Structure formats: C-alpha cells, structure tokens
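Peer 1: Can you keep this structure in mind? I'll have questions shortly.
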Amino acid sequence: MRVLIKFVLMFFLSQSSFASSIDVDNATIRLMPPNVQMTAGYFTLTNNFNDEQILVGAKSNFFGKIEIHLSKKDGDMMKMLKQDSVSISANTILEFKPMGYHLMLMKPKENISLNQSIDINLFFASGKKLKVQFLVKKMDHSEMDHSEMDHSEMDHMKMGNMMKNMSRPDFVYPAGVKGGKNMMPKKLMFGYKFGTMEMKCCRDGTSSVDENFIKGLSYSMTPISMTMRMHMMSAMYALDNKFSLMAMLPYVEKEMEMKMLSGMMMGKLHKTSSRGFGDLNLAALYRYSKKSNIKVAISIPSGEFNEKDHNMSGVLKMMPYPMQIGSGTYDLILGYSFQEILNNWSYGVQLNAVTRFDYNSEGWKYGDRREINLWASRPISKNFSISLGFDLEHQENIQGRSSFRMGTTPTWNEYFHSHLRASTNFGVNYKIPNSMTRIGFQCGTPIYRDVNGPQMDPDLKCNIGFSKMM
Ligand SMILES: [Cu+2]
C-alpha cells in the first residue's frame with residue numbers, strides 16, 4: 001500500500017513538474033474543407049528542461065490516426081517524411097509550422113469547425129504525456145505544404161507517392177511526345193522544345209523511288225531533300241487540380257533543295273527556304289483521372305501560308321505546300337494522354353487528332369492528322385531516365401487547290417501528301433538536381449511507311465526539350 005501511495009505521489013509530482021517545464025503555445029489546427037479527411041496541427045514547443053526531450057507521438061479521441069511529419073524541400077518538390085520522434089534540445093524552442101514539423105491529423109471522427117477546440121495528447125520518450133488544447137483556425141494557403149493540395153480523394157500515402165513520382169525524371173513525357181500534362185495548381189510552367197526533321201526524296205507506296213521515276217511522271221523539277229526545324233515555346237498555367245491552360249507558339253524554319261530534271265537548266269540544283277512564326281495553339285487541359293487527361297485546343301492561323309522565294313530563274317514565286325509555315329485555317333485539336341508511374345518504370349500513351357474544318361483564303365487546307373504515341377521509361381538514376389517509344393501517324397492529303405499551284409514539281413500535287421508512318425523512338429530525360437528544370441531528348445526513325453507519292457519522307461526526327469516550373 002505504501003508503495004502504491006508513493007508511486008501515485010511520484011506520478012503526480014513528476015507530472016506537474018513536467019508540465020511546467022514543457023510549454024506549448026499557439027496550438028492550431030488548420031481548417032479544411034468539409035470533405036477533406038486530413039489536416040495538420042501546428043504549435044510552438046518550449047523545452048525548459050536542462051536535458052533534451054523527445055516527442056514520440058500524439059493521440060486524440062477526435063482523430064483516428066496522428067503522425068509526426070516533417071515537410072522537406074527536395075529539388076522542386078515538397079516531401080513529407082514521417083518521423084518516429086522529434087528531439088527538442090535542452091532549453092530550446094521548436095516550432096511546428098507549415099513547411100516544417102507538423103502533426104498530421106487523419107481520420108477525424110466528425111467534421112471540424114472553425115474555432116472548435118480539440119484536445120491532443122503529446123507523448124514523450126520519458127513516458128510522460130502532455131494534454132494540449134488545439135484551436136481550429138483558418139490559415140492562408142500561401143505556404144506550400146500538403147494542405148494546399150486537394151486531399152479530398154487521396155489519402156496521405158497516395159499523396160506521398162505522387163510527390164515521389166513528380167520528382168522522377170520520367171515524370172515528364174519523352175521530348176518527342178506533345179506536351180500537356182496537368183501540373184501543380186497555381187504554378188506556371190515554361191517550355192522550349194527544339195525539333196528537327198531530315199527528309200529525303202522520295203518514296204511512293206512502301207518503296208523509295210528515284211528522280212527518273214519523277215521525271216517519268218513528266219515533272220520538270222524534283223525535291224532532293226528538306227530540313228525542318230521548329231522552335232516551340234510554350235507556357236502553361238494550372239488553374240486548379242482539374243484545369244490547366246496552355247499556349248504554344250512555334251517558330252519554323254524550312255529549307256528545301258530542288259533539282260531541275262529537264263530543259264535548259266537540267267541538273268541544276270537550287271535551294272529555297274522559309275521561316276517565321278507558325279500557328280498559335282491555345283489549349284485547355286482537363287484532368288480526367290489521376291493518370292489521364294484530355295486536351296482541347298484551337299490552332300489559330302497566325303503563320304504565313306503564302307511564303308515566297310526566288311526560283312531558279314530568280315523570279316519570286318509562291319512556294320509549294322510543304323514549305324508553308326502556317327495553315328491559314330482554324331483547326332481543332334483533340335488529345336488524350338495516359339501515364340502510369342510504377343515502382344521502377346513508367347509507361348504512357350497519347351492520342352492526338354487535328355481536324356481542319358475550313359479552307360484558307362488561298363482555297364486549300366492541309367489534311368487531317370491522327371497520331372498515336374506509346375512509350376515506356378525507366379529511371380536509371382535519381383536524375384536520368386531512358387525511354388523506348390513507338391508512334392504511328394496518319395496524315396491525309398491536301399484538299400482544295402492553291403491558286404498559285406504549278407505542275408512543275410510533285411510537292412505541288414495535293415494528292416502526294418497522305419501517309420501512314422510508324423516510327424521507333426529512343427529518349428533520355430534529365431532532371432537537374434535541386435532545380436525545377438528538366439531536359440529531354442528523343443530521336444526517332446521510321447520502321448514502316450506507306451505514302452501517296454512521290455513524296456519526301458523523313459529518315460530521322462529529333463527533339464530536345466526544356467521545361468521549368470516557376
Ligand atoms: Cu503531413
């Protein structure tokens with residue numbers, strides 16, 4: 001009995017002396033929207049002891065589960081790490097605050113309301129506990145931590161996974177795949193992509209044809225090669241978790257080498273070139289699910305479609321369809337992207353369809369286009385990933401007829417533009433450590449092509465892309 005009294009006495013004494021030596025101030029719980037099943041608790045902890053105190057956990061009748069977390073910046077990402085304990089050195093103050101240590105309060109028994117006070121017990125390694133009254137307050141969301149994100153449909157573990165995924169080099173699509181991926185809400189992202197395509201003459205059906213074939217079709221000129229370079233500038237802003245807006249503007253450079261097949265200048269080579277800003281693309285992205293999104297875009301005819309250059313005789317002439325920079329038409333672009341990120345690899349698919357409704361003022365339009373792009377990526381280190389891809393594109397013929405059309409070269413023939421082409425692609429993604437900048441590189445070469453020709457056809461297409469989240 002005496003032992004019991006002594007024990008009880010000791011318990012109360014130590015309890016009270018303990019409480020006076022550890023002070024908790026500003027205990028606050030962040031008010032969350034009603035459907036959110038998770039929030040965070042913050043407070044200031046003062047250790048007046050002459051030795052360190054170790055916080056090992058917290059419990060409350062109000063929450064099904066409480067964990068101690070530490071938010072940490074890892075490159076461009078905030079990560080939350082579960083802590084088994086937090087040590088508070090002798091005679092120091094430790095702040096539990098956004099972007100730092102916090103209590104992760106999960107599975108509330110009922111909805112939390114403003115100014116409600118909730119008791120939470122803090123447990124220390126010494127075996128003591130401290131009862132703290134927390135007050136529910138509205139906190140602004142300017143600080144970036146987990147509560148800024150939408151918790152309504154994901155639990156903490158999934159969110160942790162998402163953040164882990166976003167810091168992976170293969171989170172961003174390979175450079176040859178079109179952009180358009182929902183990012184963090186209220187974030188602005190800039191992108192620059194440089195693409196190049198080398199084309200050779202010529203191909204008809206599934207086999208290549210030479211200049212004699214083209215001469216046999218009574219053309220007096222043939223293209224020999226063509227190079228296309230595109231500088232694509234893009235900006236994306238995420239309105240919220242569901243919607244993002246995107247604008248893309250290309251600067252295009254084209255060069256074509258021609259050869260005279262008959263007449264006085266037979267055998268003569270000639271180069272023509274065109275350059276300028278292409279068609280502006282305005283897109284809305286809608287996150288359809290956690291792994292997929294839908295893109296609806298309008299192509300605005302900001303690019304020139306009556307580019308001229310000097311011909312072999314030095315006369316300024318309208319250049320054929322493939323050398324034009326813009327389409328001259330308002331076009332609808334629909335896209336769908338899916339990406340799944342697994343433990344040590346990821347894969348994705350993207351579909352794109354360009355539909356052109358109207359003819360431009362010169363009386364023609366480019367054909368519709370359908371594309372499918374598949375890829376699989378694998379991180380080979382923290383910052384590098386490699387990818388293998390496959391794409392299939394179907395391009396339709398030009399419709400209508402330009403009033404400047406000439407019968408001298410196959411590039412002016414509206415029926416020599418449709419093709420079905422399959423390519424394999426290889427790519428590398430690199431995420432600059434501790435930065436928000438990513439670089440991607442991808443090259444592809446055709447493995448199957450069936451063209452309406454004679455038509456020029458690419459041997460190699462390469463893209464290098466940069467993106468930076470602000
Ligand atoms: Cu947390």
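Here's how to read the names in the structure tokens: chain A, B, ... by the order shown, residue numbers from 1 in each chain, ligand numbers from 1 in the order shown.
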Report as CSV the residues of chain A within 7 Å of ligand 1, each with its shortest atom pair and distance in Å (one decimal), using only C-alpha atoms and all ligand atoms, ordered by chain and increasing residue number.
Peer 2:
residue,atom,partner,partner_atom_place_in_ligand_line,distance
A:Ala40,CA,ligand 1,1 (Cu),6.6
A:His69,CA,ligand 1,1 (Cu),5.0
A:Leu70,CA,ligand 1,1 (Cu),6.8
A:Ser71,CA,ligand 1,1 (Cu),6.9
A:Met80,CA,ligand 1,1 (Cu),5.6
A:His102,CA,ligand 1,1 (Cu),6.5
A:Leu103,CA,ligand 1,1 (Cu),6.7
A:Met104,CA,ligand 1,1 (Cu),4.6
A:His146,CA,ligand 1,1 (Cu),6.3
Peer 1: Could you name the residues that touch Arg438 of chain A at 10 Å or less, counting only C-alpha atoms, but leaving out those on the same chain fewer than 3 positions away, as a PyMOL selection string?
Peer 2: chain A and resi 169+172+191+383+429-433+435+465-469
Peer 1: Would you export the selected residues with N, CA and C atoms as a tab-separated table (two decimals), in the first residue's frame, please?
Peer 2:
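The resulting file, again11.tsv, is shown below:
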chain	number	residue	atom	x	y	z
A	169	PRO	N	12.67	11.56	-62.98
A	169	PRO	CA	13.00	12.11	-64.30
A	169	PRO	C	11.98	11.69	-65.38
A	172	VAL	N	8.01	13.47	-66.65
A	172	VAL	CA	7.74	14.26	-67.86
A	172	VAL	C	7.80	13.33	-69.07
A	191	GLY	N	8.10	26.17	-71.28
A	191	GLY	CA	8.77	25.10	-72.01
A	191	GLY	C	9.36	25.62	-73.30
A	383	ASN	N	18.31	11.12	-61.38
A	383	ASN	CA	18.03	12.23	-62.28
A	383	ASN	C	17.91	11.87	-63.75
A	429	ASN	N	15.67	11.44	-70.46
A	429	ASN	CA	15.18	12.57	-69.67
A	429	ASN	C	16.17	12.85	-68.55
A	430	TYR	N	16.38	14.12	-68.30
A	430	TYR	CA	17.30	14.51	-67.23
A	430	TYR	C	16.65	15.60	-66.39
A	431	LYS	N	16.70	15.39	-65.10
A	431	LYS	CA	16.17	16.40	-64.18
A	431	LYS	C	17.37	16.99	-63.46
A	432	ILE	N	17.58	18.28	-63.64
A	432	ILE	CA	18.72	18.94	-62.99
A	432	ILE	C	18.52	18.88	-61.47
A	433	PRO	N	19.48	18.31	-60.74
A	433	PRO	CA	19.30	18.13	-59.29
A	433	PRO	C	18.99	19.45	-58.59
A	435	SER	N	16.63	21.49	-58.75
A	435	SER	CA	16.13	22.61	-59.53
A	435	SER	C	14.77	22.23	-60.09
A	465	GLY	N	13.95	19.08	-75.46
A	465	GLY	CA	13.01	19.96	-74.78
A	465	GLY	C	13.49	20.38	-73.40
A	466	PHE	N	13.14	21.61	-73.04
A	466	PHE	CA	13.45	22.14	-71.71
A	466	PHE	C	12.13	22.54	-71.06
A	467	SER	N	11.99	22.27	-69.80
A	467	SER	CA	10.83	22.80	-69.10
A	467	SER	C	11.23	23.27	-67.72
A	468	LYS	N	10.56	24.31	-67.28
A	468	LYS	CA	10.89	24.89	-65.99
A	468	LYS	C	9.61	25.29	-65.28
A	469	MET	N	9.45	24.78	-64.09
A	469	MET	CA	8.29	25.16	-63.30
A	469	MET	C	8.67	26.35	-62.42
Peer 1: Go through A:Ser346, A:Ser234, A:Thr206, A:Asn452 one by one, measure the shortest atom-to-atom distance of each to Ser387 of chain A using only C-alpha atoms, and give the residue with the smallest value.
Peer 2: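 Residue with the minimum atom-to-atom distance to Ser387 of chain A: A:Ser346.
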Peer 1: Tell me which protein, DNA and RNA residues are within 10 Å of Lys178 of chain A, counting only C-alpha atoms, leaving out same-chain ones fewer than 4 positions away, and put them as a PyMOL selection string.
Peer 2: chain A and resi 173-174+193+335+337+350-352+373
Peer 1: At a cut-off of 12 Å, using only C-alpha atoms, what residues contact Pro320 of chain A? Leave out same-chain residues fewer than 5 positions from it and give the result as a ChimeraX atom specification.
Peer 2: /A:222-223,254-256,258,272-274,305-309,311,325,364,398,401-414,416-417
Peer 1: A:Gln399, A:Asn425, A:Asn281, A:Ser167: which is nearest Phe384 of chain A, counting only C-alpha atoms?
Peer 2: A:Ser167
Peer 1: Record the distance separating atom CA of Leu245 of chain A and atom CA of Lys291 of chain A, expressed in Å with one decimal.
Peer 2: 18.1 Å
Peer 1: Quick one: of A:Tyr359, A:Phe49, A:Met265, A:Gly278, who's nearest to Ser313 of chain A, counting only C-alpha atoms?
Peer 2: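 Distance minimum relative to Ser313 of chain A lands on A:Met265.
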